[in-house]
>>> print(open('structure_23.txt').read())   # compact mmCIF, C-alpha atoms
# COMPACT_ATOMS: atom_id res chain seq x y z
CA MET A 1 -113.03 -106.46 -63.74
CA LEU A 2 -116.22 -105.21 -62.12
CA SER A 3 -119.59 -106.75 -62.93
CA LYS A 4 -122.03 -104.70 -64.96
CA GLU A 5 -124.26 -104.12 -61.93
CA LEU A 6 -121.40 -102.92 -59.77
CA VAL A 7 -120.17 -100.59 -62.52
CA ALA A 8 -123.66 -99.09 -62.73
CA ALA A 9 -123.92 -98.71 -58.94
CA SER A 10 -120.45 -97.23 -58.46
CA THR A 11 -120.37 -94.69 -61.30
CA VAL A 12 -122.10 -91.88 -59.39
CA PRO A 13 -120.03 -92.19 -56.17
CA LEU A 14 -116.84 -92.42 -58.25
CA VAL A 15 -117.71 -89.31 -60.23
CA LEU A 16 -118.69 -87.43 -57.07
CA SER A 17 -115.43 -88.42 -55.39
CA VAL A 18 -113.23 -87.43 -58.33
CA LEU A 19 -115.04 -84.10 -58.59
CA ALA A 20 -114.46 -83.57 -54.84
CA GLU A 21 -110.76 -83.23 -55.80
CA GLY A 22 -111.68 -80.29 -58.02
CA GLU A 23 -113.51 -79.56 -61.28
CA SER A 24 -112.86 -81.85 -64.21
CA TYR A 25 -114.11 -82.87 -67.67
CA GLY A 26 -115.31 -86.23 -68.97
CA TYR A 27 -112.12 -87.52 -70.54
CA ALA A 28 -109.96 -86.56 -67.53
CA LEU A 29 -112.50 -88.11 -65.13
CA ILE A 30 -112.31 -91.42 -66.95
CA GLN A 31 -108.50 -91.33 -66.99
CA ARG A 32 -108.40 -90.60 -63.26
CA VAL A 33 -110.66 -93.53 -62.41
CA ARG A 34 -108.78 -95.89 -64.71
CA GLU A 35 -105.45 -94.85 -63.19
CA LEU A 36 -106.63 -95.19 -59.56
CA SER A 37 -108.18 -98.60 -60.20
CA ASP A 38 -105.13 -99.86 -62.15
CA GLY A 39 -107.31 -100.27 -65.19
CA GLN A 40 -109.81 -102.48 -63.33
CA ILE A 41 -112.60 -99.94 -63.74
CA ALA A 42 -112.77 -99.26 -67.48
CA TRP A 43 -116.06 -97.70 -68.45
CA THR A 44 -117.47 -97.70 -71.94
CA GLU A 45 -116.50 -94.08 -72.14
CA GLY A 46 -119.62 -92.71 -73.84
CA MET A 47 -121.81 -94.06 -71.01
CA LEU A 48 -120.35 -91.52 -68.60
CA TYR A 49 -121.87 -88.48 -70.32
CA PRO A 50 -125.55 -89.37 -69.87
CA VAL A 51 -124.72 -90.03 -66.20
CA LEU A 52 -123.06 -86.61 -65.90
CA HIS A 53 -126.06 -84.96 -67.55
CA TRP A 54 -128.43 -86.77 -65.23
CA MET A 55 -126.33 -85.60 -62.26
CA GLU A 56 -126.52 -82.05 -63.58
CA ASP A 57 -130.31 -82.27 -63.97
CA SER A 58 -130.47 -83.53 -60.37
CA ASP A 59 -128.44 -80.49 -59.19
CA LEU A 60 -125.56 -82.67 -57.97
CA VAL A 61 -123.09 -80.99 -60.32
CA GLU A 62 -122.93 -77.96 -62.57
CA SER A 63 -121.07 -77.59 -65.84
CA GLU A 64 -119.39 -74.91 -67.90
CA TRP A 65 -117.61 -74.85 -71.27
CA LYS A 66 -114.03 -73.65 -70.94
CA GLU A 67 -111.25 -73.19 -73.41
CA ALA A 68 -107.94 -74.89 -72.59
CA ASP A 69 -104.56 -73.28 -73.35
CA SER A 70 -104.38 -75.45 -76.46
CA GLY A 71 -107.53 -73.70 -77.73
CA ARG A 72 -109.64 -76.82 -77.29
CA LYS A 73 -113.04 -76.41 -75.62
CA ARG A 74 -114.11 -78.81 -72.91
CA ARG A 75 -117.12 -79.04 -70.64
CA TYR A 76 -116.00 -78.87 -67.01
CA TYR A 77 -118.10 -80.29 -64.18
CA ARG A 78 -117.93 -79.24 -60.57
CA LEU A 79 -119.72 -80.34 -57.39
CA ARG A 80 -122.66 -78.43 -55.98
CA THR A 81 -123.89 -78.46 -52.39
CA GLU A 82 -126.37 -81.22 -53.18
CA GLY A 83 -123.53 -83.21 -54.69
CA ARG A 84 -121.42 -82.89 -51.56
CA LYS A 85 -124.34 -84.12 -49.46
CA ALA A 86 -124.89 -87.01 -51.85
CA LEU A 87 -121.18 -87.86 -51.62
CA GLN A 88 -121.40 -87.99 -47.81
CA SER A 89 -124.34 -90.35 -47.98
CA GLU A 90 -122.67 -92.55 -50.63
CA ARG A 91 -119.51 -92.64 -48.54
CA GLN A 92 -121.44 -93.84 -45.49
CA GLN A 93 -123.15 -96.58 -47.46
CA TRP A 94 -120.07 -97.86 -49.27
CA LEU A 95 -118.06 -97.84 -46.05
CA THR A 96 -120.77 -99.84 -44.32
CA VAL A 97 -120.63 -102.49 -47.03
CA HIS A 98 -116.84 -102.40 -47.09
CA THR A 99 -116.45 -102.72 -43.28
CA THR A 100 -118.97 -105.51 -43.03
CA LEU A 101 -117.36 -107.53 -45.80
CA THR A 102 -113.87 -106.93 -44.40
CA LYS A 103 -114.92 -108.14 -40.94
CA LEU A 104 -116.56 -111.22 -42.39
CA TRP A 105 -113.57 -112.09 -44.52
CA LYS A 106 -111.14 -111.59 -41.63
CA THR A 107 -112.92 -114.29 -39.63
CA GLN A 108 -112.78 -116.67 -42.59
CA PRO A 109 -109.08 -117.29 -43.19
CA GLY A 110 -109.84 -120.23 -45.46
CA LEU A 111 -111.42 -117.90 -48.01
CA THR A 112 -108.19 -116.79 -49.66
CA MET B 1 -127.73 -97.49 -87.62
CA ALA B 2 -126.57 -100.19 -89.95
CA ASP B 3 -123.72 -98.30 -91.58
CA GLY B 4 -121.15 -97.19 -89.08
CA PRO B 5 -119.31 -94.12 -90.22
CA TYR B 6 -116.19 -96.14 -90.31
CA ASN B 7 -114.78 -99.65 -90.25
CA SER B 8 -111.41 -101.29 -90.00
CA ASN B 9 -111.20 -102.35 -93.66
CA GLN B 10 -111.63 -98.78 -94.68
CA ALA B 11 -108.97 -97.88 -92.15
CA MET B 12 -106.45 -100.15 -93.84
CA GLU B 13 -107.23 -98.80 -97.28
CA ASN B 14 -107.08 -95.23 -96.14
CA ALA B 15 -104.02 -95.59 -93.95
CA THR B 16 -101.97 -93.38 -96.22
CA ARG B 17 -104.53 -90.70 -96.90
CA PHE B 18 -106.60 -90.64 -93.72
CA ASP B 19 -108.18 -87.30 -92.90
CA LEU B 20 -108.92 -87.17 -89.18
CA ASN B 21 -111.17 -84.12 -89.37
CA ASP B 22 -113.13 -85.70 -92.18
CA ALA B 23 -113.55 -88.94 -90.20
CA LEU B 24 -114.67 -87.03 -87.10
CA CYS B 25 -117.09 -85.04 -89.20
CA ARG B 26 -118.66 -88.21 -90.64
CA TRP B 27 -118.76 -89.84 -87.21
CA ARG B 28 -120.58 -86.81 -85.85
CA GLU B 29 -123.02 -86.58 -88.75
CA ASN B 30 -123.95 -90.21 -88.28
CA LEU B 31 -124.84 -89.59 -84.61
CA ALA B 32 -126.59 -86.32 -85.43
CA THR B 33 -129.31 -88.17 -87.38
CA SER B 34 -130.57 -89.54 -84.06
CA PRO B 35 -132.86 -87.32 -81.98
CA ALA B 36 -131.25 -88.60 -78.76
CA PHE B 37 -128.33 -86.16 -79.04
CA ARG B 38 -128.47 -82.42 -78.62
CA ALA B 39 -125.78 -80.38 -80.41
CA ARG B 40 -123.98 -79.77 -77.11
CA ASP B 41 -123.94 -83.51 -76.38
CA LEU B 42 -122.19 -84.04 -79.69
CA ASP B 43 -119.76 -81.17 -78.95
CA GLU B 44 -118.85 -82.91 -75.72
CA LEU B 45 -118.46 -86.36 -77.26
CA GLU B 46 -116.36 -84.90 -80.06
CA ALA B 47 -114.11 -83.10 -77.55
CA HIS B 48 -113.71 -86.41 -75.74
CA LEU B 49 -112.85 -88.25 -78.94
CA ARG B 50 -110.26 -85.62 -79.87
CA ASP B 51 -108.61 -85.87 -76.42
CA SER B 52 -108.61 -89.63 -76.66
CA ILE B 53 -107.13 -89.63 -80.19
CA GLN B 54 -104.43 -87.17 -79.22
CA SER B 55 -103.41 -89.29 -76.25
CA LEU B 56 -103.30 -92.45 -78.39
CA GLN B 57 -101.28 -90.69 -81.10
CA SER B 58 -98.77 -89.50 -78.53
CA ARG B 59 -98.26 -93.18 -77.69
CA GLY B 60 -97.30 -93.87 -81.30
CA LEU B 61 -100.55 -94.86 -83.01
CA PHE B 62 -101.30 -93.65 -86.54
CA ALA B 63 -104.19 -91.25 -86.89
CA HIS B 64 -106.55 -93.87 -88.36
CA GLU B 65 -105.66 -96.40 -85.65
CA ALA B 66 -106.11 -93.81 -82.92
CA PHE B 67 -109.47 -92.82 -84.36
CA TRP B 68 -110.63 -96.41 -84.50
CA VAL B 69 -109.52 -97.27 -80.96
CA ALA B 70 -110.90 -94.04 -79.48
CA GLN B 71 -114.22 -94.55 -81.23
CA SER B 72 -114.62 -98.11 -79.99
CA ARG B 73 -113.71 -97.09 -76.44
CA LEU B 74 -116.37 -94.42 -76.58
CA GLY B 75 -118.99 -97.03 -77.51
CA ASP B 76 -120.88 -97.86 -80.69
CA SER B 77 -123.59 -95.57 -81.97
CA ASP B 78 -126.48 -97.86 -80.93
CA LEU B 79 -125.27 -97.96 -77.35
CA LEU B 80 -124.71 -94.19 -77.20
CA ASP B 81 -128.11 -93.70 -78.75
CA ARG B 82 -129.80 -95.81 -76.05
CA GLU B 83 -127.93 -94.19 -73.17
CA PHE B 84 -128.53 -90.61 -74.32
CA GLU B 85 -132.17 -91.39 -75.00
CA LYS B 86 -132.57 -91.94 -71.25
CA VAL B 87 -131.50 -88.36 -70.47
CA ASN B 88 -133.19 -86.71 -73.47
CA PRO B 89 -136.49 -88.64 -73.62
CA GLU B 90 -138.58 -85.63 -74.65
CA ARG B 91 -136.56 -85.18 -77.85
CA VAL B 92 -136.93 -88.84 -78.74
CA TRP B 93 -140.68 -88.76 -78.10
CA LEU B 94 -141.09 -85.60 -80.12
CA ASN B 95 -139.34 -87.38 -82.95
CA ARG B 96 -141.66 -90.38 -82.62
CA VAL B 97 -144.73 -88.15 -82.69
CA LEU B 98 -143.30 -86.43 -85.76
CA TRP B 99 -142.95 -89.77 -87.57
CA MET B 100 -146.46 -90.80 -86.48
CA VAL B 101 -147.84 -87.60 -88.01
CA VAL B 102 -145.77 -88.11 -91.15
CA GLY B 103 -147.01 -91.71 -91.29
CA SER B 104 -150.69 -90.85 -91.00
CA VAL B 105 -150.39 -87.95 -93.45
CA GLY B 106 -148.41 -90.26 -95.74
CA ILE B 107 -151.23 -92.83 -95.69
CA GLY B 108 -153.67 -89.98 -96.39
CA LEU B 109 -151.52 -88.86 -99.33
CA LEU B 110 -151.30 -92.33 -100.86
CA SER B 111 -155.00 -92.91 -100.28
CA GLY B 112 -155.80 -89.59 -102.02
CA LEU B 113 -153.52 -90.55 -104.88
CA ALA B 114 -155.17 -93.97 -105.23
CA THR B 115 -158.66 -92.41 -105.20
CA THR B 116 -157.74 -89.84 -107.85
CA LEU B 117 -156.19 -92.41 -110.17
CA VAL B 118 -159.09 -94.85 -109.86
CA ASP B 119 -161.71 -92.11 -110.28
CA PHE B 120 -160.06 -90.89 -113.45
CA LEU B 121 -159.93 -94.48 -114.68
CA THR B 122 -163.63 -94.91 -113.89
CA VAL B 123 -164.63 -91.71 -115.67
CA GLY B 124 -162.32 -92.51 -118.56
CA THR B 125 -163.91 -95.91 -119.07
CA TYR B 126 -167.39 -94.40 -119.40
CA GLU B 127 -166.36 -91.34 -121.38
CA LEU B 128 -164.10 -93.03 -123.90
CA LEU B 129 -165.69 -96.45 -124.35
CA PRO B 130 -169.45 -95.97 -123.82
CA GLU B 131 -170.40 -98.55 -126.46
CA TYR B 132 -168.43 -101.36 -124.74
CA VAL B 133 -169.52 -100.59 -121.19
CA GLY B 134 -173.16 -99.97 -121.94
CA LYS B 135 -175.46 -97.97 -119.73
CA PRO B 136 -173.68 -96.70 -116.60
CA ASN B 137 -174.36 -99.06 -113.72
CA PRO B 138 -173.76 -97.19 -110.45
CA HIS B 139 -173.33 -100.40 -108.39
CA LEU B 140 -170.85 -102.00 -110.75
CA MET B 141 -169.02 -98.72 -111.04
CA GLY B 142 -169.04 -98.21 -107.28
CA TRP B 143 -167.62 -101.66 -106.57
CA PHE B 144 -165.03 -101.43 -109.30
CA ASN B 145 -164.03 -98.07 -107.89
CA LEU B 146 -163.78 -99.29 -104.31
CA VAL B 147 -161.92 -102.53 -104.98
CA ALA B 148 -159.48 -100.89 -107.38
CA ASN B 149 -158.90 -98.17 -104.82
CA TRP B 150 -158.12 -100.62 -102.01
CA VAL B 151 -155.87 -102.79 -104.15
CA LEU B 152 -153.95 -99.78 -105.39
CA LEU B 153 -153.65 -98.35 -101.88
CA VAL B 154 -152.32 -101.59 -100.40
CA GLY B 155 -149.85 -101.84 -103.30
CA LEU B 156 -148.69 -98.26 -102.75
CA LEU B 157 -148.30 -98.83 -99.00
CA VAL B 158 -146.25 -102.00 -99.48
CA TRP B 159 -144.08 -100.17 -101.98
CA ALA B 160 -143.66 -97.17 -99.62
CA PHE B 161 -142.75 -99.48 -96.73
CA ARG B 162 -140.11 -101.32 -98.76
CA TRP B 163 -138.73 -98.07 -100.12
CA GLY B 164 -138.52 -96.73 -96.56
CA LYS B 165 -136.59 -99.79 -95.38
CA ARG B 166 -134.12 -99.51 -98.26
CA ASN B 167 -133.63 -95.78 -97.72
CA GLU B 168 -133.38 -95.67 -93.94
CA GLY B 169 -130.33 -93.40 -94.08
CA PHE B 170 -132.18 -90.91 -96.26
CA LEU B 171 -135.19 -90.94 -93.89
CA ARG B 172 -132.90 -90.34 -90.90
CA ARG B 173 -131.35 -87.35 -92.62
CA LEU B 174 -134.81 -86.12 -93.59
CA GLY B 175 -135.89 -86.46 -89.94
CA LYS B 176 -132.88 -84.44 -88.82
CA TRP B 177 -133.59 -81.82 -91.47
CA SER B 178 -137.25 -81.52 -90.36
CA ARG B 179 -136.32 -81.31 -86.69
CA GLU B 180 -134.09 -78.37 -87.50
CA ARG B 181 -136.77 -76.62 -89.61
CA PRO B 182 -140.08 -77.72 -88.05
CA LEU B 183 -142.15 -74.89 -89.53
CA LEU B 184 -140.95 -75.47 -93.09
CA ALA B 185 -141.40 -79.24 -92.75
CA ALA B 186 -144.93 -78.86 -91.35
CA THR B 187 -145.85 -76.44 -94.17
CA GLY B 188 -144.52 -78.89 -96.75
CA VAL B 189 -146.53 -81.78 -95.33
CA PHE B 190 -149.66 -79.62 -95.07
CA LEU B 191 -149.37 -78.37 -98.66
CA ALA B 192 -148.80 -81.88 -100.01
CA TYR B 193 -151.89 -83.05 -98.15
CA VAL B 194 -154.08 -80.19 -99.41
CA LEU B 195 -152.82 -80.77 -102.94
CA THR B 196 -153.87 -84.43 -102.98
CA ARG B 197 -157.23 -83.62 -101.41
CA VAL B 198 -157.87 -80.98 -104.08
CA GLY B 199 -156.57 -83.38 -106.75
CA SER B 200 -158.88 -86.16 -105.63
CA SER B 201 -161.95 -83.90 -105.89
CA ILE B 202 -161.27 -83.02 -109.56
CA PRO B 203 -162.72 -86.22 -111.09
CA VAL B 204 -165.93 -86.00 -109.04
CA PRO B 205 -167.91 -83.53 -111.26
CA PHE B 206 -166.86 -85.52 -114.34
CA MET B 207 -168.23 -88.70 -112.78
CA ALA B 208 -171.45 -86.91 -111.86
CA ARG B 209 -171.84 -85.79 -115.47
CA SER B 210 -171.26 -89.16 -117.08
CA LEU B 211 -173.52 -91.00 -114.64
CA GLY B 212 -176.45 -88.62 -114.31
CA ALA B 213 -177.79 -87.26 -111.05
CA THR B 214 -179.71 -90.29 -109.68
CA GLU B 215 -177.06 -92.88 -110.56
CA PHE B 216 -174.33 -90.66 -109.23
CA GLY B 217 -176.26 -90.42 -105.97
CA GLU B 218 -176.40 -94.22 -105.70
CA PHE B 219 -172.75 -94.56 -106.66
CA TRP B 220 -171.65 -91.96 -104.16
CA THR B 221 -173.73 -93.40 -101.31
CA LEU B 222 -172.24 -96.84 -101.92
CA ARG B 223 -168.77 -95.43 -102.00
CA VAL B 224 -169.12 -93.34 -98.85
CA TRP B 225 -170.56 -96.26 -96.86
CA TRP B 226 -167.93 -98.74 -97.94
CA SER B 227 -165.15 -96.22 -97.45
CA LEU B 228 -165.89 -96.58 -93.75
CA VAL B 229 -164.43 -100.10 -93.86
CA PRO B 230 -160.82 -98.88 -94.14
CA LEU B 231 -161.46 -96.64 -91.16
CA LEU B 232 -162.00 -99.82 -89.14
CA VAL B 233 -159.25 -101.76 -90.87
CA TRP B 234 -156.47 -99.21 -90.33
CA PRO B 235 -156.65 -99.11 -86.52
CA SER B 236 -156.71 -102.93 -86.50
CA ILE B 237 -153.58 -103.10 -88.66
CA LEU B 238 -151.88 -100.46 -86.54
CA ALA B 239 -152.81 -102.24 -83.31
CA TRP B 240 -151.47 -105.52 -84.73
CA LEU B 241 -148.20 -103.85 -85.82
CA LEU B 242 -147.84 -102.22 -82.40
CA MET B 243 -148.39 -105.52 -80.59
CA ARG B 244 -145.92 -107.32 -82.85
CA THR B 245 -143.27 -104.62 -82.40
CA SER B 246 -143.64 -104.48 -78.63
CA ARG B 247 -143.51 -108.27 -78.39
CA LYS B 248 -140.30 -108.25 -80.45
CA ALA B 249 -138.87 -105.51 -78.25
CA ALA B 250 -139.79 -107.45 -75.11
CA ALA B 251 -138.17 -110.61 -76.49
CA ARG B 252 -134.96 -108.68 -77.05
>>> encode(input="structure_23.txt", output="structure tokens")
Amino acid sequence: MLSKELVAASTVPLVLSVLAEGESYGYALIQRVRELSDGQIAWTEGMLYPVLHWMEDSDLVESEWKEADSGRKRRYYRLRTEGRKALQSERQQWLTVHTTLTKLWKTQPGLT
Amino acid sequence: MADGPYNSNQAMENATRFDLNDALCRWRENLATSPAFRARDLDELEAHLRDSIQSLQSRGLFAHEAFWVAQSRLGDSDLLDREFEKVNPERVWLNRVLWMVVGSVGIGLLSGLATTLVDFLTVGTYELLPEYVGKPNPHLMGWFNLVANWVLLVGLLVWAFRWGKRNEGFLRRLGKWSRERPLLAATGVFLAYVLTRVGSSIPVPFMARSLGATEFGEFWTLRVWWSLVPLLVWPSILAWLLMRTSRKAAAR
């Protein structure tokens, strides 16, 4: 399980990355992240919506209410140009951390 | 939000006659009393809850179990309230200002009520029992009037505070109602205020008559001067309450 701080830091890049696959709505976003992380990243689901709204206010994403075939209405989010730029920057930063840690851990075989 | 819309004991009792739409409706109404959520936020959360319930039901859970699990995965109302407050701060602040106005008008109302009651009592004493009270003494009358007024006001405020704590749910619904009809709510508060102000001026000519012009002048001067004391006391009480609340909040 991720620590609280890491959950908070990784929510935006995760959302941006899932939305890069195509538009989606809150519930599906959460399912996608849970599935990809094998249940290791399980958000308190309601916390995602204020984050999505903040991202919309910051022009990273835009949203639209759409009716599904079942007749149920859902609010779909999709990436905007700003969001794609933000994703690039996040990607750079996370990869930097990831590469550095990987290199360090490779030279320390006793760690595992 | 002390009373959740739902709990597990209820779930067990209602297992056979659980109405999902009814439960969702109550869940939504409970959240709607908070200013942190806009209607479209609630639409979105409700859509989420319905998706989540449907998925859980398809895995074999009963409706009431699915509702309970989905609701707890979504997060409790206090948590949602705090998180949504961060993205809708202007609504929450507007609500706070609203309650501040209601609070200060409420104190004005109670103070007007206390003044009216005590003034009528003062006049009544002189009008009905002149032989026991003797010649009107403006100082005695002024002090009696002031002290009785303060005691009554403090009593009324304590009562109003306790009543408010007991009826928090009602106040939340009232807040929601006023936020939806701001003009009507403001008119209501204004009218109530005017009414008590008018009411509290009714006993004044009667007092003037029973005291005589000179004595009434002395009485009134005393009263006006000493009425300034509460003006100093109120801000001190408010400042103390504010400090206490913020210290509590910081400790949490």
>>> interface_residues(input="structure_23.txt", of="chain B", to="chain A", cutoff="10 Å", atoms="all atoms listed in the file", output="PyMOL selection string")
chain B and resi 40-41+43-52+70-77+79-88
>>> residues_near_point(input="structure_23.txt", point="(-150.9, -96.9, -102.6)", cutoff="12 Å", atoms="all atoms listed in the file", output="list in words")
Gly106, Ile107, Gly108, Leu109, Leu110, Ser111, Gly112, Leu113, Ala114, Thr115, Thr116, Leu117, Val118, Ala148, Asn149, Trp150, Val151, Leu152, Leu153, Val154, Gly155, Leu156, Leu157, Val158, Trp159, Ala160 and Phe161 of chain B
>>> write_last_selection(input="structure_23.txt", atoms="C-alpha atoms", output="CSV table (one decimal), in the coordinates of the input")
chain,number,residue,atom,x,y,z
B,106,GLY,CA,-148.4,-90.3,-95.7
B,107,ILE,CA,-151.2,-92.8,-95.7
B,108,GLY,CA,-153.7,-90.0,-96.4
B,109,LEU,CA,-151.5,-88.9,-99.3
B,110,LEU,CA,-151.3,-92.3,-100.9
B,111,SER,CA,-155.0,-92.9,-100.3
B,112,GLY,CA,-155.8,-89.6,-102.0
B,113,LEU,CA,-153.5,-90.6,-104.9
B,114,ALA,CA,-155.2,-94.0,-105.2
B,115,THR,CA,-158.7,-92.4,-105.2
B,116,THR,CA,-157.7,-89.8,-107.8
B,117,LEU,CA,-156.2,-92.4,-110.2
B,118,VAL,CA,-159.1,-94.8,-109.9
B,148,ALA,CA,-159.5,-100.9,-107.4
B,149,ASN,CA,-158.9,-98.2,-104.8
B,150,TRP,CA,-158.1,-100.6,-102.0
B,151,VAL,CA,-155.9,-102.8,-104.2
B,152,LEU,CA,-154.0,-99.8,-105.4
B,153,LEU,CA,-153.6,-98.4,-101.9
B,154,VAL,CA,-152.3,-101.6,-100.4
B,155,GLY,CA,-149.8,-101.8,-103.3
B,156,LEU,CA,-148.7,-98.3,-102.8
B,157,LEU,CA,-148.3,-98.8,-99.0
B,158,VAL,CA,-146.2,-102.0,-99.5
B,159,TRP,CA,-144.1,-100.2,-102.0
B,160,ALA,CA,-143.7,-97.2,-99.6
B,161,PHE,CA,-142.8,-99.5,-96.7
>>> residues_near_point(input="structure_23.txt", point="(-127.5, -77.1, -59.2)", cutoff="12 Å", atoms="all atoms listed in the file", output="list in words")
His53, Trp54, Met55, Glu56, Asp57, Ser58, Asp59, Leu60, Val61, Glu62, Ser63, Tyr77, Arg78, Leu79, Arg80, Thr81, Glu82, Gly83 and Arg84 of chain A
>>> atom_distance(input="structure_23.txt", atom1="CA of Thr11 in chain A", atom2="CA of Val97 in chain A")
16.3 Å
>>> atom_distance(input="structure_23.txt", atom1="CA of Thr122 in chain B", atom2="CA of Asn137 in chain B")
11.5 Å
>>> residues_around(input="structure_23.txt", residues="Glu218 in chain B", least_positions_apart="3", cutoff="9 Å", atoms="all atoms listed in the file", output="short mmCIF file (atom, residue, chain, number, x, y, z; two decimals) with C-alpha atoms, keeping the file's coordinate frame")
data_model
loop_
_atom_site.label_atom_id
_atom_site.label_comp_id
_atom_site.auth_asym_id
_atom_site.auth_seq_id
_atom_site.Cartn_x
_atom_site.Cartn_y
_atom_site.Cartn_z
CA PRO B 138 -173.76 -97.19 -110.45
CA HIS B 139 -173.33 -100.40 -108.39
CA GLY B 142 -169.04 -98.21 -107.28
CA ALA B 213 -177.79 -87.26 -111.05
CA THR B 214 -179.71 -90.29 -109.68
CA GLU B 215 -177.06 -92.88 -110.56
CA THR B 221 -173.73 -93.40 -101.31
CA LEU B 222 -172.24 -96.84 -101.92
CA ARG B 223 -168.77 -95.43 -102.00
#
>>> atom_distance(input="structure_23.txt", atom1="CA of Ala36 in chain B", atom2="CA of Val101 in chain B")
19.0 Å
>>> residues_around(input="structure_23.txt", residues="Gly124 in chain B", least_positions_apart="4", cutoff="10 Å", atoms="all atoms listed in the file", output="ChimeraX atom specification")
/B:118-120,128-130,203,206-207,210
>>> closest_residue(input="structure_23.txt", among="B:Arg26, B:Trp177, B:Ser227, B:Gly199", to="Trp143 in chain B", atoms="all atoms listed in the file")
B:Ser227
>>> decode(input="structure_23.txt", residues="range 212-223 of chain B", atoms="N, CA and C atoms", output="tab-separated table (two decimals), in the first residue's frame")
chain	number	residue	atom	x	y	z
B	212	GLY	N	-42.79	60.95	34.41
B	212	GLY	CA	-42.72	62.41	34.30
B	212	GLY	C	-41.47	62.78	33.53
B	213	ALA	N	-41.51	63.97	32.93
B	213	ALA	CA	-40.48	64.34	31.95
B	213	ALA	C	-39.07	64.34	32.53
B	214	THR	N	-38.83	64.99	33.67
B	214	THR	CA	-37.48	65.13	34.22
B	214	THR	C	-36.91	63.76	34.61
B	215	GLU	N	-37.73	62.99	35.36
B	215	GLU	CA	-37.27	61.68	35.81
B	215	GLU	C	-37.01	60.75	34.62
B	216	PHE	N	-37.89	60.87	33.64
B	216	PHE	CA	-37.68	60.01	32.47
B	216	PHE	C	-36.36	60.35	31.79
B	217	GLY	N	-36.05	61.65	31.75
B	217	GLY	CA	-34.78	62.09	31.18
B	217	GLY	C	-33.60	61.45	31.90
B	218	GLU	N	-33.67	61.46	33.24
B	218	GLU	CA	-32.57	60.88	34.04
B	218	GLU	C	-32.48	59.37	33.78
B	219	PHE	N	-33.66	58.74	33.83
B	219	PHE	CA	-33.73	57.29	33.60
B	219	PHE	C	-33.14	56.92	32.25
B	220	TRP	N	-33.54	57.68	31.25
B	220	TRP	CA	-33.13	57.35	29.88
B	220	TRP	C	-31.63	57.57	29.69
B	221	THR	N	-31.11	58.67	30.28
B	221	THR	CA	-29.68	58.95	30.17
B	221	THR	C	-28.87	57.81	30.78
B	222	LEU	N	-29.31	57.40	32.00
B	222	LEU	CA	-28.63	56.29	32.68
B	222	LEU	C	-28.63	55.05	31.80
B	223	ARG	N	-29.79	54.77	31.24
B	223	ARG	CA	-29.92	53.55	30.46
B	223	ARG	C	-29.06	53.59	29.20
